[in-house]
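Structure first, then comments.
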Amino acid sequence: MFKGMGGLGDMGKMMKAAQEMQGKMETLQEDLRNMHVTGESGAGLVKATSTAKGELVGLDIDPSIFNPDEKEVVEDLILAAIKDAQQKASDKAQEEMSKLTEGLGLPPGMKLPF
């Protein structure tokens, strides 16, 4: 008589799972804002620190590279360090997302929108 109720129960489980996923995604987003990665260039002469979300939060430049004749080299090193930090941030975010999706039983490599 109530055979159709099984489908409603499954829908309820799906909704609960979706809410849990949303909560975990919000937590992950906050965690990514608090995780820091450091990129570098020039064998560590320039270091750029960013959050795992890609926001630049620090720059450390060894004073030995400040030579007015090499202004362009310094600029290139700074850009390279920032790009390295951004790549590490992207890699870290993907790594953390993979942990989350694996824990939820989603297929490996599944991309979720951010």
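Quick note on naming: the chains in the structure tokens go A, B, ... in the order shown, residues restart at 1 in each chain, and ligands are numbered from 1 in order of appearance.
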
Would you pick out the contacts of segment 38-44 of chain A at 7 Å or less, using only C-alpha atoms, so that residues sharing its chain but fewer than 2 positions from it are not included, and give the list as a list in words?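 What passes the distance filter is His36, Val46, Lys47, Ala48, Thr49, Ser50, Leu77, Ala80, Ala81, Ile82, Asp84, Ala85 and Lys88 of chain A.
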
Please report, as a ChimeraX atom specification, each residue of chain A to which DSSP assigns alpha helix (DSSP H) when run on this structure's backbone. /A:5-34,71-103

Nearest to Gln22 of chain A, chosen from A:Leu100, A:Val74, A:Ala52, A:Leu59, with only C-alpha atoms counted in the distances: A:Leu100

Close residues, Glu96 of chain A itself excluded, 12 Å, only C-alpha atoms, min 2 positions apart in chain, as a list in words: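 Here the answer would be Lys24, Met25, Thr27, Leu28, Gln29, Glu30, Asp31, Leu32, Met35, Ala52, Lys53, Ala89, Ser90, Asp91, Lys92, Ala93, Gln94, Ser98, Lys99, Leu100, Thr101, Glu102, Gly103 and Gly109 of chain A.
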
Please, what distance in Å, to one decimal, runs between atom CA of Ile65 of chain A and atom CA of Leu79 of chain A?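 Computing it gives 14.2 Å between the two atoms.
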
Please return as an MDAnalysis selection string: the residues of chain A that backbone DSSP assigns to strand (DSSP E). chainID A and resid 36:41 46:51 56:61

How about saving the chosen residues, N, CA, C and O atoms kept, as a compact mmCIF listing (two decimals), in the first residue's frame?
```txt
# COMPACT_ATOMS: atom_id res chain seq x y z
N HIS A 36 48.58 28.11 4.74
CA HIS A 36 49.55 28.92 4.01
C HIS A 36 50.52 28.02 3.26
O HIS A 36 50.90 26.96 3.75
N VAL A 37 50.88 28.46 2.07
CA VAL A 37 51.90 27.80 1.26
C VAL A 37 52.91 28.87 0.88
O VAL A 37 52.58 30.05 0.81
N THR A 38 54.15 28.44 0.64
CA THR A 38 55.20 29.40 0.28
C THR A 38 55.84 28.98 -1.02
O THR A 38 56.28 27.84 -1.17
N GLY A 39 55.86 29.91 -1.97
CA GLY A 39 56.55 29.70 -3.23
C GLY A 39 57.84 30.47 -3.19
O GLY A 39 57.98 31.44 -2.43
N GLU A 40 58.81 30.02 -3.98
CA GLU A 40 60.08 30.75 -3.98
C GLU A 40 60.71 30.74 -5.35
O GLU A 40 60.33 29.96 -6.23
N SER A 41 61.68 31.64 -5.50
CA SER A 41 62.46 31.71 -6.74
C SER A 41 63.86 32.17 -6.37
O SER A 41 64.10 32.62 -5.25
N VAL A 46 63.78 35.02 -3.08
CA VAL A 46 62.47 35.65 -3.00
C VAL A 46 61.46 34.58 -2.63
O VAL A 46 61.41 33.52 -3.25
N LYS A 47 60.68 34.86 -1.57
CA LYS A 47 59.65 33.92 -1.12
C LYS A 47 58.32 34.65 -1.05
O LYS A 47 58.24 35.77 -0.54
N ALA A 48 57.30 34.02 -1.58
CA ALA A 48 55.95 34.57 -1.54
C ALA A 48 55.07 33.59 -0.78
O ALA A 48 55.09 32.39 -1.05
N THR A 49 54.31 34.08 0.17
CA THR A 49 53.41 33.25 0.96
C THR A 49 51.98 33.63 0.62
O THR A 49 51.63 34.81 0.54
N SER A 50 51.16 32.60 0.40
CA SER A 50 49.75 32.85 0.11
C SER A 50 48.91 31.85 0.87
O SER A 50 49.41 30.84 1.37
N THR A 51 47.62 32.15 0.96
CA THR A 51 46.70 31.17 1.53
C THR A 51 46.49 30.09 0.47
O THR A 51 46.82 30.29 -0.71
N LEU A 56 47.67 36.34 -1.74
CA LEU A 56 49.04 36.65 -1.34
C LEU A 56 49.01 37.34 0.02
O LEU A 56 48.31 38.33 0.21
N VAL A 57 49.77 36.78 0.98
CA VAL A 57 49.77 37.36 2.33
C VAL A 57 51.15 37.77 2.81
O VAL A 57 51.28 38.41 3.85
N GLY A 58 52.20 37.42 2.06
CA GLY A 58 53.53 37.81 2.49
C GLY A 58 54.54 37.70 1.38
O GLY A 58 54.39 36.92 0.45
N LEU A 59 55.58 38.52 1.49
CA LEU A 59 56.65 38.53 0.52
C LEU A 59 57.95 38.75 1.29
O LEU A 59 58.05 39.68 2.09
N ASP A 60 58.94 37.88 1.09
CA ASP A 60 60.22 37.98 1.77
C ASP A 60 61.31 38.05 0.70
O ASP A 60 61.44 37.14 -0.12
N ILE A 61 62.06 39.15 0.70
CA ILE A 61 63.08 39.37 -0.32
C ILE A 61 64.43 39.53 0.36
O ILE A 61 64.60 40.40 1.23
```

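For the set A:Asn34, A:Leu45, A:Gln86, A:Gln19, the residue with the smallest atom-to-atom gap to Ser64 of chain A is A:Leu45, counting only C-alpha atoms.
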
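Interatomic distance, atom CA of Glu55 of chain A to atom CA of Glu20 of chain A: 26.9 Å.
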